[in-house]
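Shown here: upload.pdb, PDB, C-alpha atoms, pLDDT in the B column.
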```pdb
ATOM      1  CA  MET A 163      30.739 116.178 200.719  1.00 80.00           C
ATOM      2  CA  LYS A 164      31.085 112.852 198.869  1.00 79.00           C
ATOM      3  CA  THR A 165      31.254 114.689 195.555  1.00 84.00           C
ATOM      4  CA  ILE A 166      34.196 116.799 196.720  1.00 85.00           C
ATOM      5  CA  VAL A 167      36.092 113.713 197.966  1.00 81.00           C
ATOM      6  CA  ARG A 168      35.460 111.857 194.708  1.00 82.00           C
ATOM      7  CA  SER A 169      36.533 114.829 192.619  1.00 83.00           C
ATOM      8  CA  GLY A 170      39.707 115.215 194.670  1.00 79.00           C
ATOM      9  CA  ALA A 171      40.525 111.520 194.421  1.00 80.00           C
ATOM     10  CA  CYS A 172      40.013 111.518 190.638  1.00 76.00           C
ATOM     11  CA  ALA A 173      42.195 114.596 190.250  1.00 79.00           C
ATOM     12  CA  ALA A 174      44.957 113.027 192.367  1.00 78.00           C
ATOM     13  CA  VAL A 175      44.905 109.795 190.346  1.00 75.00           C
ATOM     14  CA  ALA A 176      44.974 111.694 187.049  1.00 74.00           C
ATOM     15  CA  MET A 177      47.908 113.811 188.214  1.00 74.00           C
ATOM     16  CA  ILE A 178      49.905 110.784 189.392  1.00 80.00           C
ATOM     17  CA  LEU A 179      49.349 108.975 186.098  1.00 69.00           C
ATOM     18  CA  SER A 180      50.338 111.983 183.988  1.00 71.00           C
ATOM     19  CA  VAL A 181      53.532 112.558 185.989  1.00 63.00           C
ATOM     20  CA  GLY A 182      54.427 108.868 185.661  1.00 62.00           C
ATOM     21  CA  MET A 183      53.895 108.903 181.891  1.00 60.00           C
ATOM     22  CA  ALA A 184      55.946 112.076 181.437  1.00 61.00           C
ATOM     23  CA  ALA A 185      58.812 110.647 183.469  1.00 58.00           C
ATOM     24  CA  GLN A 186      58.960 107.526 181.288  1.00 56.00           C
ATOM     25  CA  THR A 187      58.905 109.114 177.830  1.00 47.00           C
ATOM     26  CA  THR A 188      61.089 112.224 178.123  1.00 43.00           C
ATOM     27  CA  PRO A 189      64.573 110.777 178.828  1.00 44.00           C
ATOM     28  CA  GLN A 190      64.174 107.821 176.486  1.00 44.00           C
ATOM     29  CA  SER A 191      63.523 109.825 173.326  1.00 44.00           C
ATOM     30  CA  SER A 192      66.219 112.449 173.828  1.00 44.00           C
ATOM     31  CA  SER A 193      69.085 110.069 174.641  1.00 46.00           C
ATOM     32  CA  SER A 194      68.396 107.436 171.974  1.00 48.00           C
ATOM     33  CA  SER A 195      68.528 109.780 168.983  1.00 47.00           C
ATOM     34  CA  ALA A 196      71.713 111.554 170.064  1.00 52.00           C
ATOM     35  CA  ALA A 197      73.605 108.349 170.838  1.00 51.00           C
ATOM     36  CA  SER A 198      72.902 106.529 167.575  1.00 71.00           C
ATOM     37  CA  THR A 199      73.621 109.152 164.887  1.00 84.00           C
ATOM     38  CA  ILE A 200      76.365 107.810 162.640  1.00 91.00           C
ATOM     39  CA  THR A 201      78.142 108.600 159.367  1.00 93.00           C
ATOM     40  CA  VAL A 202      79.284 105.675 157.206  1.00 93.00           C
ATOM     41  CA  THR A 203      80.805 105.242 153.763  1.00 94.00           C
ATOM     42  CA  GLY A 204      79.872 102.368 151.457  1.00 94.00           C
ATOM     43  CA  CYS A 205      78.191 101.193 148.280  1.00 95.00           C
ATOM     44  CA  VAL A 206      74.433 101.643 147.713  1.00 94.00           C
ATOM     45  CA  GLN A 207      72.742  98.556 146.228  1.00 94.00           C
ATOM     46  CA  ARG A 208      69.141  97.489 145.741  1.00 92.00           C
ATOM     47  CA  ALA A 209      67.975  95.121 148.475  1.00 87.00           C
ATOM     48  CA  PRO A 210      66.936  91.607 147.451  1.00 83.00           C
ATOM     49  CA  ALA A 211      63.163  91.201 147.223  1.00 73.00           C
ATOM     50  CA  ALA A 212      61.775  89.880 150.518  1.00 60.00           C
ATOM     51  CA  GLY A 213      58.736  88.021 149.200  1.00 55.00           C
ATOM     52  CA  THR A 214      60.137  86.271 146.114  1.00 50.00           C
ATOM     53  CA  THR A 215      60.479  82.800 147.648  1.00 50.00           C
ATOM     54  CA  THR A 216      56.892  82.540 148.913  1.00 48.00           C
ATOM     55  CA  GLY A 217      55.198  82.410 145.520  1.00 48.00           C
ATOM     56  CA  THR A 218      52.039  84.011 146.893  1.00 50.00           C
ATOM     57  CA  SER A 219      51.096  87.154 145.072  1.00 50.00           C
ATOM     58  CA  GLY A 220      48.920  88.526 147.885  1.00 49.00           C
ATOM     59  CA  THR A 221      51.520  88.561 150.659  1.00 46.00           C
ATOM     60  CA  ALA A 222      54.638  89.318 148.647  1.00 44.00           C
ATOM     61  CA  GLY A 223      53.529  92.852 147.807  1.00 44.00           C
ATOM     62  CA  SER A 224      52.693  93.792 151.383  1.00 42.00           C
ATOM     63  CA  ALA A 225      55.879  92.284 152.822  1.00 44.00           C
ATOM     64  CA  SER A 226      58.172  94.121 150.405  1.00 48.00           C
ATOM     65  CA  ALA A 227      56.431  97.447 151.007  1.00 56.00           C
ATOM     66  CA  SER A 228      57.586  97.564 154.643  1.00 64.00           C
ATOM     67  CA  GLU A 229      61.126  96.302 153.985  1.00 72.00           C
ATOM     68  CA  PRO A 230      63.886  98.740 152.994  1.00 78.00           C
ATOM     69  CA  LYS A 231      64.548  98.706 149.237  1.00 90.00           C
ATOM     70  CA  PHE A 232      68.231  99.624 149.500  1.00 93.00           C
ATOM     71  CA  VAL A 233      71.295  98.381 151.380  1.00 93.00           C
ATOM     72  CA  LEU A 234      74.689  99.924 152.038  1.00 93.00           C
ATOM     73  CA  GLU A 235      77.370  97.283 151.397  1.00 93.00           C
ATOM     74  CA  ARG A 236      81.051  97.412 152.391  1.00 92.00           C
ATOM     75  CA  ALA A 237      80.248 100.002 155.038  1.00 90.00           C
ATOM     76  CA  MET A 238      83.074 101.643 156.963  1.00 90.00           C
ATOM     77  CA  ALA A 239      83.096 104.381 159.567  1.00 86.00           C
ATOM     78  CA  SER A 240      83.451 107.704 157.827  1.00 76.00           C
ATOM     79  CA  PRO A 241      86.330 109.972 158.903  1.00 70.00           C
ATOM     80  CA  SER A 242      83.812 112.720 159.743  1.00 58.00           C
ATOM     81  CA  SER A 243      82.041 110.451 162.265  1.00 50.00           C
ATOM     82  CA  SER A 244      85.060 110.469 164.583  1.00 44.00           C
ATOM     83  CA  THR A 245      84.523 114.137 165.438  1.00 44.00           C
ATOM     84  CA  GLY A 246      81.267 113.475 167.264  1.00 46.00           C
ATOM     85  CA  THR A 247      80.953 111.657 170.558  1.00 44.00           C
ATOM     86  CA  SER A 248      78.505 109.152 169.136  1.00 45.00           C
ATOM     87  CA  GLY A 249      80.943 107.912 166.470  1.00 43.00           C
ATOM     88  CA  ALA A 250      83.284 106.443 169.074  1.00 48.00           C
ATOM     89  CA  THR A 251      80.593 104.521 170.949  1.00 49.00           C
ATOM     90  CA  THR A 252      78.584 103.139 168.009  1.00 59.00           C
ATOM     91  CA  PRO A 253      80.121 100.071 166.316  1.00 68.00           C
ATOM     92  CA  THR A 254      80.095 100.041 162.515  1.00 77.00           C
ATOM     93  CA  ALA A 255      78.495  97.066 160.767  1.00 84.00           C
ATOM     94  CA  SER A 256      79.690  95.805 157.387  1.00 89.00           C
ATOM     95  CA  SER A 257      76.295  96.543 155.812  1.00 92.00           C
ATOM     96  CA  TYR A 258      73.105  98.438 156.624  1.00 92.00           C
ATOM     97  CA  ARG A 259      69.517  98.315 155.420  1.00 93.00           C
ATOM     98  CA  LEU A 260      68.652 101.853 154.336  1.00 93.00           C
ATOM     99  CA  SER A 261      65.365 103.499 155.230  1.00 92.00           C
ATOM    100  CA  ALA A 262      64.766 106.566 153.038  1.00 91.00           C
ATOM    101  CA  ASP A 263      62.673 107.901 150.184  1.00 90.00           C
ATOM    102  CA  ASP A 264      63.309 106.112 146.904  1.00 90.00           C
ATOM    103  CA  ALA A 265      64.046 109.445 145.234  1.00 90.00           C
ATOM    104  CA  LYS A 266      66.911 110.082 147.670  1.00 92.00           C
ATOM    105  CA  LEU A 267      68.706 106.758 147.063  1.00 93.00           C
ATOM    106  CA  THR A 268      67.789 105.645 143.511  1.00 92.00           C
ATOM    107  CA  PRO A 269      70.257 108.028 141.804  1.00 93.00           C
ATOM    108  CA  HIS A 270      73.074 106.591 143.945  1.00 93.00           C
ATOM    109  CA  VAL A 271      72.639 102.844 143.228  1.00 93.00           C
ATOM    110  CA  GLY A 272      76.083 101.502 142.351  1.00 94.00           C
ATOM    111  CA  HIS A 273      77.848 104.594 143.737  1.00 94.00           C
ATOM    112  CA  LYS A 274      80.203 104.909 146.674  1.00 94.00           C
ATOM    113  CA  VAL A 275      78.514 107.319 149.105  1.00 95.00           C
ATOM    114  CA  GLU A 276      78.769 108.828 152.560  1.00 95.00           C
ATOM    115  CA  ILE A 277      75.508 108.506 154.504  1.00 94.00           C
ATOM    116  CA  SER A 278      74.576 110.181 157.777  1.00 93.00           C
ATOM    117  CA  GLY A 279      71.600 108.958 159.732  1.00 93.00           C
ATOM    118  CA  THR A 280      70.248 107.339 162.854  1.00 93.00           C
ATOM    119  CA  LEU A 281      70.166 103.663 163.714  1.00 88.00           C
ATOM    120  CA  ASP A 282      66.760 102.082 164.169  1.00 81.00           C
ATOM    121  CA  LYS A 283      67.152 100.514 167.631  1.00 71.00           C
ATOM    122  CA  ALA A 284      64.355  97.981 167.146  1.00 66.00           C
ATOM    123  CA  ALA A 285      65.973  96.472 164.070  1.00 55.00           C
ATOM    124  CA  SER A 286      69.642  96.807 165.080  1.00 51.00           C
ATOM    125  CA  SER A 287      69.462  94.800 168.331  1.00 51.00           C
ATOM    126  CA  ALA A 288      69.284  91.480 166.471  1.00 47.00           C
ATOM    127  CA  SER A 289      72.414  92.127 164.404  1.00 44.00           C
ATOM    128  CA  ALA A 290      75.234  92.930 166.795  1.00 44.00           C
ATOM    129  CA  SER A 291      77.931  90.959 164.927  1.00 43.00           C
ATOM    130  CA  PRO A 292      78.708  92.151 161.386  1.00 43.00           C
ATOM    131  CA  SER A 293      80.815  89.091 160.437  1.00 41.00           C
ATOM    132  CA  SER A 294      78.631  87.293 157.884  1.00 41.00           C
ATOM    133  CA  SER A 295      78.235  89.124 154.590  1.00 42.00           C
ATOM    134  CA  SER A 296      76.033  86.494 152.917  1.00 42.00           C
ATOM    135  CA  ALA A 297      73.129  87.071 155.291  1.00 45.00           C
ATOM    136  CA  SER A 298      73.939  90.731 155.817  1.00 48.00           C
ATOM    137  CA  SER A 299      70.939  92.134 153.936  1.00 56.00           C
ATOM    138  CA  THR A 300      68.472  90.296 156.182  1.00 66.00           C
ATOM    139  CA  THR A 301      70.255  90.737 159.524  1.00 80.00           C
ATOM    140  CA  ALA A 302      71.881  94.128 158.974  1.00 85.00           C
ATOM    141  CA  PRO A 303      70.854  97.028 161.197  1.00 90.00           C
ATOM    142  CA  THR A 304      68.496  99.585 159.676  1.00 91.00           C
ATOM    143  CA  LEU A 305      69.859 103.083 159.116  1.00 91.00           C
ATOM    144  CA  LYS A 306      67.342 105.919 158.748  1.00 93.00           C
ATOM    145  CA  VAL A 307      69.020 108.128 156.156  1.00 93.00           C
ATOM    146  CA  ASP A 308      69.307 111.860 156.796  1.00 94.00           C
ATOM    147  CA  THR A 309      71.878 112.892 154.162  1.00 94.00           C
ATOM    148  CA  VAL A 310      73.586 111.222 151.185  1.00 94.00           C
ATOM    149  CA  LYS A 311      76.812 112.503 149.610  1.00 94.00           C
ATOM    150  CA  MET A 312      78.330 110.807 146.550  1.00 94.00           C
ATOM    151  CA  ILE A 313      82.034 109.988 146.967  1.00 93.00           C
ATOM    152  CA  ALA A 314      82.662 108.105 143.694  1.00 92.00           C
ATOM    153  CA  ALA A 315      80.664 107.185 140.579  1.00 92.00           C
ATOM    154  CA  SER A 316      81.341 103.465 141.078  1.00 91.00           C
ATOM    155  CA  CYS A 317      81.868 101.176 144.039  1.00 89.00           C
ATOM    156  CA  SER A 318      85.262  99.978 142.788  1.00 83.00           C
ATOM    157  CA  GLU A 319      86.897 103.404 143.199  1.00 71.00           C
TER     158      GLU A 319
END
```

Show the structure stored in the file as C-alpha coordinates.
Amino acid sequence: MKTIVRSGACAAVAMILSVGMAAQTTPQSSSSSAASTITVTGCVQRAPAAGTTTGTSGTAGSASASEPKFVLERAMASPSSSTGTSGATTPTASSYRLSADDAKLTPHVGHKVEISGTLDKAASSASASPSSSSASSTTAPTLKVDTVKMIAASCSE
(Lines of atoms letter the chains of each structure in order from A and count residues from 1; the text may use other names and numbers.)
(Lines give C-alpha, C1' and ligand atoms only; values in the text may rest on other atoms or scores of the structure.)
Protein backbone atom coordinates (compact mmCIF):
# COMPACT_ATOMS: atom_id res chain seq x y z
CA MET A 1 0.00 0.00 0.00
CA LYS A 2 2.84 2.40 0.86
CA THR A 3 4.51 1.66 -2.46
CA ILE A 4 1.39 2.65 -4.40
CA VAL A 5 1.05 5.93 -2.45
CA ARG A 6 4.72 6.77 -2.99
CA SER A 7 4.52 5.98 -6.69
CA GLY A 8 1.41 8.14 -7.05
CA ALA A 9 2.98 11.03 -5.16
CA CYS A 10 6.15 10.88 -7.29
CA ALA A 11 4.11 10.80 -10.48
CA ALA A 12 2.03 13.79 -9.36
CA VAL A 13 5.12 15.83 -8.49
CA ALA A 14 6.79 14.98 -11.80
CA MET A 15 3.67 15.96 -13.74
CA ILE A 16 3.32 19.28 -11.91
CA LEU A 17 6.96 20.16 -12.54
CA SER A 18 6.80 19.28 -16.24
CA VAL A 19 3.63 21.34 -16.76
CA GLY A 20 5.22 24.29 -14.96
CA MET A 21 8.37 24.11 -17.09
CA ALA A 22 6.40 23.87 -20.33
CA ALA A 23 4.27 26.87 -19.40
CA GLN A 24 7.36 29.01 -18.79
CA THR A 25 9.35 28.25 -21.94
CA THR A 26 6.76 28.10 -24.74
CA PRO A 27 5.42 31.69 -24.88
CA GLN A 28 8.79 33.32 -24.24
CA SER A 29 10.60 31.81 -27.22
CA SER A 30 7.86 32.35 -29.80
CA SER A 31 7.13 36.00 -29.00
CA SER A 32 10.72 37.22 -28.64
CA SER A 33 11.91 36.13 -32.08
CA ALA A 34 8.91 37.52 -33.96
CA ALA A 35 9.00 40.90 -32.22
CA SER A 36 12.69 41.66 -32.75
CA THR A 37 13.27 40.84 -36.44
CA ILE A 38 14.49 43.99 -38.17
CA THR A 39 15.94 45.15 -41.49
CA VAL A 40 18.50 47.97 -41.43
CA THR A 41 20.75 49.68 -43.95
CA GLY A 42 24.28 50.83 -43.11
CA CYS A 43 28.01 50.42 -43.58
CA VAL A 44 29.82 47.20 -42.58
CA GLN A 45 33.12 47.81 -40.76
CA ARG A 46 35.50 45.62 -38.79
CA ALA A 47 34.95 45.93 -35.04
CA PRO A 48 37.82 47.29 -32.94
CA ALA A 49 39.76 44.55 -31.17
CA ALA A 50 38.39 44.01 -27.66
CA GLY A 51 41.55 42.80 -25.94
CA THR A 52 44.18 45.18 -27.33
CA THR A 53 44.45 47.44 -24.27
CA THR A 54 45.09 44.65 -21.74
CA GLY A 55 48.51 43.62 -23.03
CA THR A 56 48.02 40.04 -21.83
CA SER A 57 48.38 37.53 -24.59
CA GLY A 58 46.45 34.78 -22.79
CA THR A 59 43.18 36.63 -22.22
CA ALA A 60 43.10 38.80 -25.33
CA GLY A 61 42.58 35.85 -27.67
CA SER A 62 39.70 34.37 -25.69
CA ALA A 63 37.94 37.71 -25.21
CA SER A 64 38.02 38.60 -28.91
CA ALA A 65 36.73 35.17 -29.94
CA SER A 66 33.36 35.76 -28.26
CA GLU A 67 32.97 39.39 -29.39
CA PRO A 68 31.46 40.18 -32.80
CA LYS A 69 34.13 40.99 -35.40
CA PHE A 70 31.96 43.35 -37.45
CA VAL A 71 29.78 46.41 -36.81
CA LEU A 72 27.13 48.14 -38.89
CA GLU A 73 27.73 51.90 -38.74
CA ARG A 74 25.35 54.68 -39.82
CA ALA A 75 22.42 52.30 -39.51
CA MET A 76 18.98 53.43 -40.62
CA ALA A 77 15.66 51.62 -40.79
CA SER A 78 15.33 50.03 -44.19
CA PRO A 79 12.23 50.88 -46.25
CA SER A 80 11.36 47.16 -46.42
CA SER A 81 11.18 46.94 -42.60
CA SER A 82 8.10 49.17 -42.49
CA THR A 83 5.96 46.48 -44.11
CA GLY A 84 6.20 44.16 -41.12
CA THR A 85 4.61 44.77 -37.76
CA SER A 86 7.90 44.43 -35.94
CA GLY A 87 9.54 47.30 -37.86
CA ALA A 88 7.21 49.87 -36.31
CA THR A 89 7.76 48.75 -32.72
CA THR A 90 11.54 48.19 -32.76
CA PRO A 91 13.64 51.38 -32.49
CA THR A 92 16.63 51.64 -34.82
CA ALA A 93 20.05 52.28 -33.28
CA SER A 94 22.77 54.22 -35.08
CA SER A 95 25.08 51.19 -35.05
CA TYR A 96 24.90 47.45 -34.38
CA ARG A 97 27.40 44.75 -33.48
CA LEU A 98 26.97 42.01 -36.08
CA SER A 99 26.89 38.34 -35.16
CA ALA A 100 27.43 36.17 -38.25
CA ASP A 101 29.91 33.90 -39.97
CA ASP A 102 33.03 35.71 -41.13
CA ALA A 103 32.48 34.41 -44.65
CA LYS A 104 29.09 36.14 -44.81
CA LEU A 105 30.35 39.61 -43.81
CA THR A 106 34.02 39.80 -44.89
CA PRO A 107 33.22 40.44 -48.58
CA HIS A 108 31.03 43.40 -47.55
CA VAL A 109 33.51 45.36 -45.37
CA GLY A 110 33.38 48.97 -46.54
CA HIS A 111 30.12 48.42 -48.47
CA LYS A 112 26.70 49.90 -47.88
CA VAL A 113 24.39 46.93 -47.19
CA GLU A 114 20.88 45.99 -46.14
CA ILE A 115 20.88 43.45 -43.30
CA SER A 116 17.94 41.48 -41.95
CA GLY A 117 18.23 39.71 -38.64
CA THR A 118 17.11 39.39 -35.05
CA LEU A 119 18.18 41.48 -32.09
CA ASP A 120 19.98 39.68 -29.29
CA LYS A 121 17.84 40.70 -26.29
CA ALA A 122 20.57 40.03 -23.72
CA ALA A 123 22.99 42.44 -25.36
CA SER A 124 20.51 45.09 -26.56
CA SER A 125 18.98 45.93 -23.15
CA ALA A 126 22.04 47.91 -22.07
CA SER A 127 22.05 50.16 -25.15
CA ALA A 128 18.63 51.75 -25.42
CA SER A 129 19.87 55.21 -26.47
CA PRO A 130 21.76 55.36 -29.79
CA SER A 131 23.03 58.94 -29.31
CA SER A 132 26.77 58.46 -28.77
CA SER A 133 28.66 57.28 -31.83
CA SER A 134 32.11 57.22 -30.20
CA ALA A 135 31.21 54.40 -27.83
CA SER A 136 28.76 52.81 -30.24
CA SER A 137 30.83 49.71 -31.01
CA THR A 138 30.97 48.69 -27.34
CA THR A 139 27.41 49.61 -26.33
CA ALA A 140 25.58 48.91 -29.59
CA PRO A 141 22.93 46.19 -29.64
CA THR A 142 23.92 42.88 -31.22
CA LEU A 143 22.16 41.90 -34.44
CA LYS A 144 22.19 38.22 -35.41
CA VAL A 145 22.48 38.40 -39.19
CA ASP A 146 20.13 36.34 -41.34
CA THR A 147 20.63 37.95 -44.78
CA VAL A 148 23.02 40.52 -46.29
CA LYS A 149 22.30 42.43 -49.51
CA MET A 150 24.84 44.87 -50.97
CA ILE A 151 23.34 48.28 -51.80
CA ALA A 152 26.51 50.14 -52.88
CA ALA A 153 30.20 49.32 -53.34
CA SER A 154 31.26 52.06 -50.91
CA CYS A 155 29.79 53.65 -47.81
CA SER A 156 29.90 57.16 -49.30
CA GLU A 157 27.30 56.37 -51.98

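From CA of Thr199 (chain A) back to CA of Leu260 (chain A), the distance works out to 13.8 Å.
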
Check your understanding: Of the candidates A:Lys274, A:Val202, A:Ala265, A:Ile166, which one gets nearest to Glu319 (chain A) if we count all atoms listed in the file?
Key -> A:Lys274

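For the structure shown here, the set of residues caught by the PyMOL selection byres ((chain A and resi 206) around 9) is A:Gly204, A:Cys205, A:Gln207, A:Arg208, A:Phe232, A:Val233, A:Leu234, A:Glu235, A:Leu260, A:Leu267, A:Thr268, A:His270, A:Val271, A:Gly272, A:His273, A:Lys274, A:Val275, A:Cys317.
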
Check your understanding: Near Ser256 (chain A), within 7 Å and counting all atoms listed in the file, which residues show up once chain neighbours fewer than 5 positions away are dropped, as a list in words?
Key -> Glu235, Arg236, Ala237, Met238 and Pro292 of chain A

Review point. List as an MDAnalysis selection string: which residues have an atom within 8 Å of (64.1, 98.0, 148.9), counting only C-alpha atoms?
Key: chainID A and resid 208:211 226:227 229:233

Practice item. Record the distance separating CA of Lys266 (chain A) and CA of Val310 (chain A), expressed in Å with one decimal. Key: 7.6 Å

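Here CA of Ser261 (chain A) is placed at a distance of 23.7 Å from CA of Ser318 (chain A).
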
Check your understanding: With all atoms listed in the file as the atoms that count, which of A:Thr203, A:Ser316, A:Ser198, A:Thr309 lies nearest to Lys283 (chain A)?
Key -> A:Ser198

Practice item. Compare A:Ser169, A:Ser278, A:Ser257, A:Thr201 by their minimum atom-to-atom distance to Val307 (chain A), counting only C-alpha atoms, and give me the closest one. Key: A:Ser278

Point to revise | All residues 8 Å or closer to Leu305 (chain A), all atoms listed in the file, same chain fewer than 2 positions away omitted, as a PyMOL selection string | key: chain A and resi 258-261+279-282+303+307

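Shortest separation to Ile313 (chain A) among A:Thr165, A:Ser180, A:Ser240, A:Thr301 occurs at residue A:Ser240, atoms counted being all atoms listed in the file.
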